[in-house]
Amino acid sequence: MERSPTDPILEQPFDAKSAAKQPFVPVMRELVRAYQSFESYTDENVRQLGLTSPQFDVIATLGNTTGMTMNTLAEKTLVTKGTLTGIVDRLEKKGYVRREVPEGDRRCFVIVLTPEGEQLFEQVFPAQIAYIKQRFDKLDPSDLEEILAALKKLRSIF
């Protein structure tokens, strides 16, 4: 159900000018900028490896597993369920994944890496981690712990 601008739940104790001055707004903006920078940096390398970022996410998530249902895969990736079907279709056409019907439950299927997909995972996953590591190596272990704790705390309030 859509809310109208006059809905009482949208009424706030401050106007637009004071809303913009809320102390968390710069944090929110920096979080978005950090994510955009990370996404831009990692996407560039993934494309050089011959995949899109969502395709890489699926391959990386399926790697070192016996496969996952679409629901589990959607929960573990950064991809929405609606988008995931198209990504799996494209990866299947490339020969990297296949759909298997598990014994005893014909109502769903499991997405599994093919041997070609496993080979791709073994190639691209370590390459991407090494690429990202170059940036994270600029942080001290204590910085990483602080950032992780802060991000976990931030996620917990939503």
# chains A, B, ... in the order shown; residues from 1 in each chain; ligands from 1

$ residues_around --residues "region 121-133 of chain A" --least-positions-apart "3" --cutoff "9 Å" --atoms "only C-alpha atoms" --output "MDAnalysis selection string"
chainID A and resid 38 41:42 45:46 49 56 59:60 62:64 113 116:118 136:138

$ select_by_dssp --residues "chain A" --states "alpha helix (DSSP H)" --output "PyMOL selection string"
chain A and resi 16-20+25-48+53-62+70-76+81-93+115-136+141-156

$ closest_residue --among "A:Glu100, A:Asp105, A:Glu146, A:Asp57" --to "Asp43 (chain A)" --atoms "only C-alpha atoms"
A:Asp57

$ atom_distance --atom1 "CA of Arg135 (chain A)" --atom2 "CA of Thr80 (chain A)"
27.5 Å

$ atom_distance --atom1 "CA of Ala149 (chain A)" --atom2 "CA of Lys21 (chain A)"
25.5 Å

$ decode --residues "region 2-108 of chain A" --atoms "C-alpha atoms" --output "PDB file, in the first residue's frame"
ATOM      1  CA  GLU A   2       1.395   3.385  -1.006  1.00  0.00           C
ATOM      2  CA  ARG A   3       1.514   6.183   1.516  1.00  0.00           C
ATOM      3  CA  SER A   4       0.474   9.679   0.661  1.00  0.00           C
ATOM      4  CA  PRO A   5       2.628  12.671   1.644  1.00  0.00           C
ATOM      5  CA  THR A   6      -0.034  13.578   4.229  1.00  0.00           C
ATOM      6  CA  ASP A   7       0.116  10.169   5.932  1.00  0.00           C
ATOM      7  CA  PRO A   8       0.788  10.764   9.673  1.00  0.00           C
ATOM      8  CA  ILE A   9       3.556   8.145   9.668  1.00  0.00           C
ATOM      9  CA  LEU A  10       5.541  10.401   7.318  1.00  0.00           C
ATOM     10  CA  GLU A  11       5.131  13.482   9.480  1.00  0.00           C
ATOM     11  CA  GLN A  12       8.381  14.435  11.183  1.00  0.00           C
ATOM     12  CA  PRO A  13       9.254  16.859  13.980  1.00  0.00           C
ATOM     13  CA  PHE A  14      11.568  18.839  11.682  1.00  0.00           C
ATOM     14  CA  ASP A  15      11.456  20.527   8.295  1.00  0.00           C
ATOM     15  CA  ALA A  16      13.588  19.741   5.208  1.00  0.00           C
ATOM     16  CA  LYS A  17      16.363  22.136   6.218  1.00  0.00           C
ATOM     17  CA  SER A  18      16.766  20.661   9.691  1.00  0.00           C
ATOM     18  CA  ALA A  19      16.380  17.141   8.260  1.00  0.00           C
ATOM     19  CA  ALA A  20      19.418  17.750   6.066  1.00  0.00           C
ATOM     20  CA  LYS A  21      21.392  18.749   9.167  1.00  0.00           C
ATOM     21  CA  GLN A  22      20.801  15.462  11.001  1.00  0.00           C
ATOM     22  CA  PRO A  23      24.159  14.080  12.227  1.00  0.00           C
ATOM     23  CA  PHE A  24      23.768  10.728  10.440  1.00  0.00           C
ATOM     24  CA  VAL A  25      23.300  12.275   6.965  1.00  0.00           C
ATOM     25  CA  PRO A  26      27.063  12.648   6.288  1.00  0.00           C
ATOM     26  CA  VAL A  27      27.566   9.039   7.473  1.00  0.00           C
ATOM     27  CA  MET A  28      24.819   7.863   5.141  1.00  0.00           C
ATOM     28  CA  ARG A  29      26.343   9.736   2.209  1.00  0.00           C
ATOM     29  CA  GLU A  30      29.829   8.401   2.927  1.00  0.00           C
ATOM     30  CA  LEU A  31      28.492   4.858   3.196  1.00  0.00           C
ATOM     31  CA  VAL A  32      26.870   5.197  -0.225  1.00  0.00           C
ATOM     32  CA  ARG A  33      30.018   6.744  -1.717  1.00  0.00           C
ATOM     33  CA  ALA A  34      32.160   3.963  -0.248  1.00  0.00           C
ATOM     34  CA  TYR A  35      29.860   1.325  -1.717  1.00  0.00           C
ATOM     35  CA  GLN A  36      29.838   3.043  -5.121  1.00  0.00           C
ATOM     36  CA  SER A  37      33.645   3.256  -5.118  1.00  0.00           C
ATOM     37  CA  PHE A  38      33.964  -0.389  -4.117  1.00  0.00           C
ATOM     38  CA  GLU A  39      31.436  -1.468  -6.752  1.00  0.00           C
ATOM     39  CA  SER A  40      33.164   0.539  -9.473  1.00  0.00           C
ATOM     40  CA  TYR A  41      36.604  -0.830  -8.546  1.00  0.00           C
ATOM     41  CA  THR A  42      35.508  -4.472  -8.334  1.00  0.00           C
ATOM     42  CA  ASP A  43      33.219  -4.330 -11.377  1.00  0.00           C
ATOM     43  CA  GLU A  44      36.078  -3.186 -13.580  1.00  0.00           C
ATOM     44  CA  ASN A  45      38.116  -6.288 -12.743  1.00  0.00           C
ATOM     45  CA  VAL A  46      35.159  -8.701 -12.946  1.00  0.00           C
ATOM     46  CA  ARG A  47      34.372  -7.461 -16.454  1.00  0.00           C
ATOM     47  CA  GLN A  48      37.981  -8.126 -17.464  1.00  0.00           C
ATOM     48  CA  LEU A  49      37.429 -11.691 -16.216  1.00  0.00           C
ATOM     49  CA  GLY A  50      34.496 -12.002 -18.652  1.00  0.00           C
ATOM     50  CA  LEU A  51      31.591 -11.745 -16.206  1.00  0.00           C
ATOM     51  CA  THR A  52      29.178  -9.169 -14.889  1.00  0.00           C
ATOM     52  CA  SER A  53      29.239  -8.431 -11.159  1.00  0.00           C
ATOM     53  CA  PRO A  54      25.989 -10.358 -10.516  1.00  0.00           C
ATOM     54  CA  GLN A  55      27.303 -13.342 -12.527  1.00  0.00           C
ATOM     55  CA  PHE A  56      30.516 -13.291 -10.519  1.00  0.00           C
ATOM     56  CA  ASP A  57      28.498 -13.109  -7.297  1.00  0.00           C
ATOM     57  CA  VAL A  58      26.557 -16.242  -8.269  1.00  0.00           C
ATOM     58  CA  ILE A  59      29.687 -18.159  -9.359  1.00  0.00           C
ATOM     59  CA  ALA A  60      31.545 -17.133  -6.183  1.00  0.00           C
ATOM     60  CA  THR A  61      28.585 -18.090  -3.976  1.00  0.00           C
ATOM     61  CA  LEU A  62      28.183 -21.503  -5.614  1.00  0.00           C
ATOM     62  CA  GLY A  63      31.918 -22.235  -5.517  1.00  0.00           C
ATOM     63  CA  ASN A  64      33.015 -24.853  -2.979  1.00  0.00           C
ATOM     64  CA  THR A  65      29.376 -25.978  -2.479  1.00  0.00           C
ATOM     65  CA  THR A  66      27.249 -28.847  -3.728  1.00  0.00           C
ATOM     66  CA  GLY A  67      24.750 -26.334  -5.082  1.00  0.00           C
ATOM     67  CA  MET A  68      21.874 -24.273  -3.724  1.00  0.00           C
ATOM     68  CA  THR A  69      18.187 -23.748  -4.295  1.00  0.00           C
ATOM     69  CA  MET A  70      17.221 -20.466  -5.935  1.00  0.00           C
ATOM     70  CA  ASN A  71      15.881 -19.203  -2.601  1.00  0.00           C
ATOM     71  CA  THR A  72      19.133 -19.947  -0.777  1.00  0.00           C
ATOM     72  CA  LEU A  73      21.193 -18.493  -3.613  1.00  0.00           C
ATOM     73  CA  ALA A  74      19.100 -15.311  -3.553  1.00  0.00           C
ATOM     74  CA  GLU A  75      19.629 -14.992   0.217  1.00  0.00           C
ATOM     75  CA  LYS A  76      23.393 -15.457  -0.040  1.00  0.00           C
ATOM     76  CA  THR A  77      24.042 -13.196  -3.025  1.00  0.00           C
ATOM     77  CA  LEU A  78      23.508  -9.503  -3.557  1.00  0.00           C
ATOM     78  CA  VAL A  79      21.009 -10.324  -6.297  1.00  0.00           C
ATOM     79  CA  THR A  80      17.217 -10.070  -6.069  1.00  0.00           C
ATOM     80  CA  LYS A  81      15.175 -13.196  -6.816  1.00  0.00           C
ATOM     81  CA  GLY A  82      13.673 -11.629  -9.922  1.00  0.00           C
ATOM     82  CA  THR A  83      17.077 -10.792 -11.362  1.00  0.00           C
ATOM     83  CA  LEU A  84      18.588 -14.113 -10.283  1.00  0.00           C
ATOM     84  CA  THR A  85      16.536 -16.170 -12.746  1.00  0.00           C
ATOM     85  CA  GLY A  86      17.935 -14.224 -15.708  1.00  0.00           C
ATOM     86  CA  ILE A  87      21.484 -14.448 -14.381  1.00  0.00           C
ATOM     87  CA  VAL A  88      21.186 -18.212 -13.872  1.00  0.00           C
ATOM     88  CA  ASP A  89      19.691 -18.550 -17.371  1.00  0.00           C
ATOM     89  CA  ARG A  90      22.668 -16.709 -18.893  1.00  0.00           C
ATOM     90  CA  LEU A  91      25.213 -18.693 -16.857  1.00  0.00           C
ATOM     91  CA  GLU A  92      23.446 -21.899 -17.902  1.00  0.00           C
ATOM     92  CA  LYS A  93      23.682 -20.898 -21.581  1.00  0.00           C
ATOM     93  CA  LYS A  94      27.427 -20.293 -21.081  1.00  0.00           C
ATOM     94  CA  GLY A  95      27.710 -23.799 -19.614  1.00  0.00           C
ATOM     95  CA  TYR A  96      28.776 -22.674 -16.119  1.00  0.00           C
ATOM     96  CA  VAL A  97      25.728 -23.834 -14.118  1.00  0.00           C
ATOM     97  CA  ARG A  98      22.946 -26.368 -14.425  1.00  0.00           C
ATOM     98  CA  ARG A  99      19.632 -26.912 -12.700  1.00  0.00           C
ATOM     99  CA  GLU A 100      19.149 -30.243 -10.935  1.00  0.00           C
ATOM    100  CA  VAL A 101      15.970 -31.611  -9.413  1.00  0.00           C
ATOM    101  CA  PRO A 102      16.829 -33.044  -5.972  1.00  0.00           C
ATOM    102  CA  GLU A 103      15.657 -36.559  -5.153  1.00  0.00           C
ATOM    103  CA  GLY A 104      12.498 -36.583  -3.096  1.00  0.00           C
ATOM    104  CA  ASP A 105      11.513 -32.980  -3.873  1.00  0.00           C
ATOM    105  CA  ARG A 106      10.442 -32.352  -7.438  1.00  0.00           C
ATOM    106  CA  ARG A 107       8.934 -28.967  -6.497  1.00  0.00           C
ATOM    107  CA  CYS A 108      12.272 -27.139  -6.633  1.00  0.00           C
TER     108      CYS A 108
END
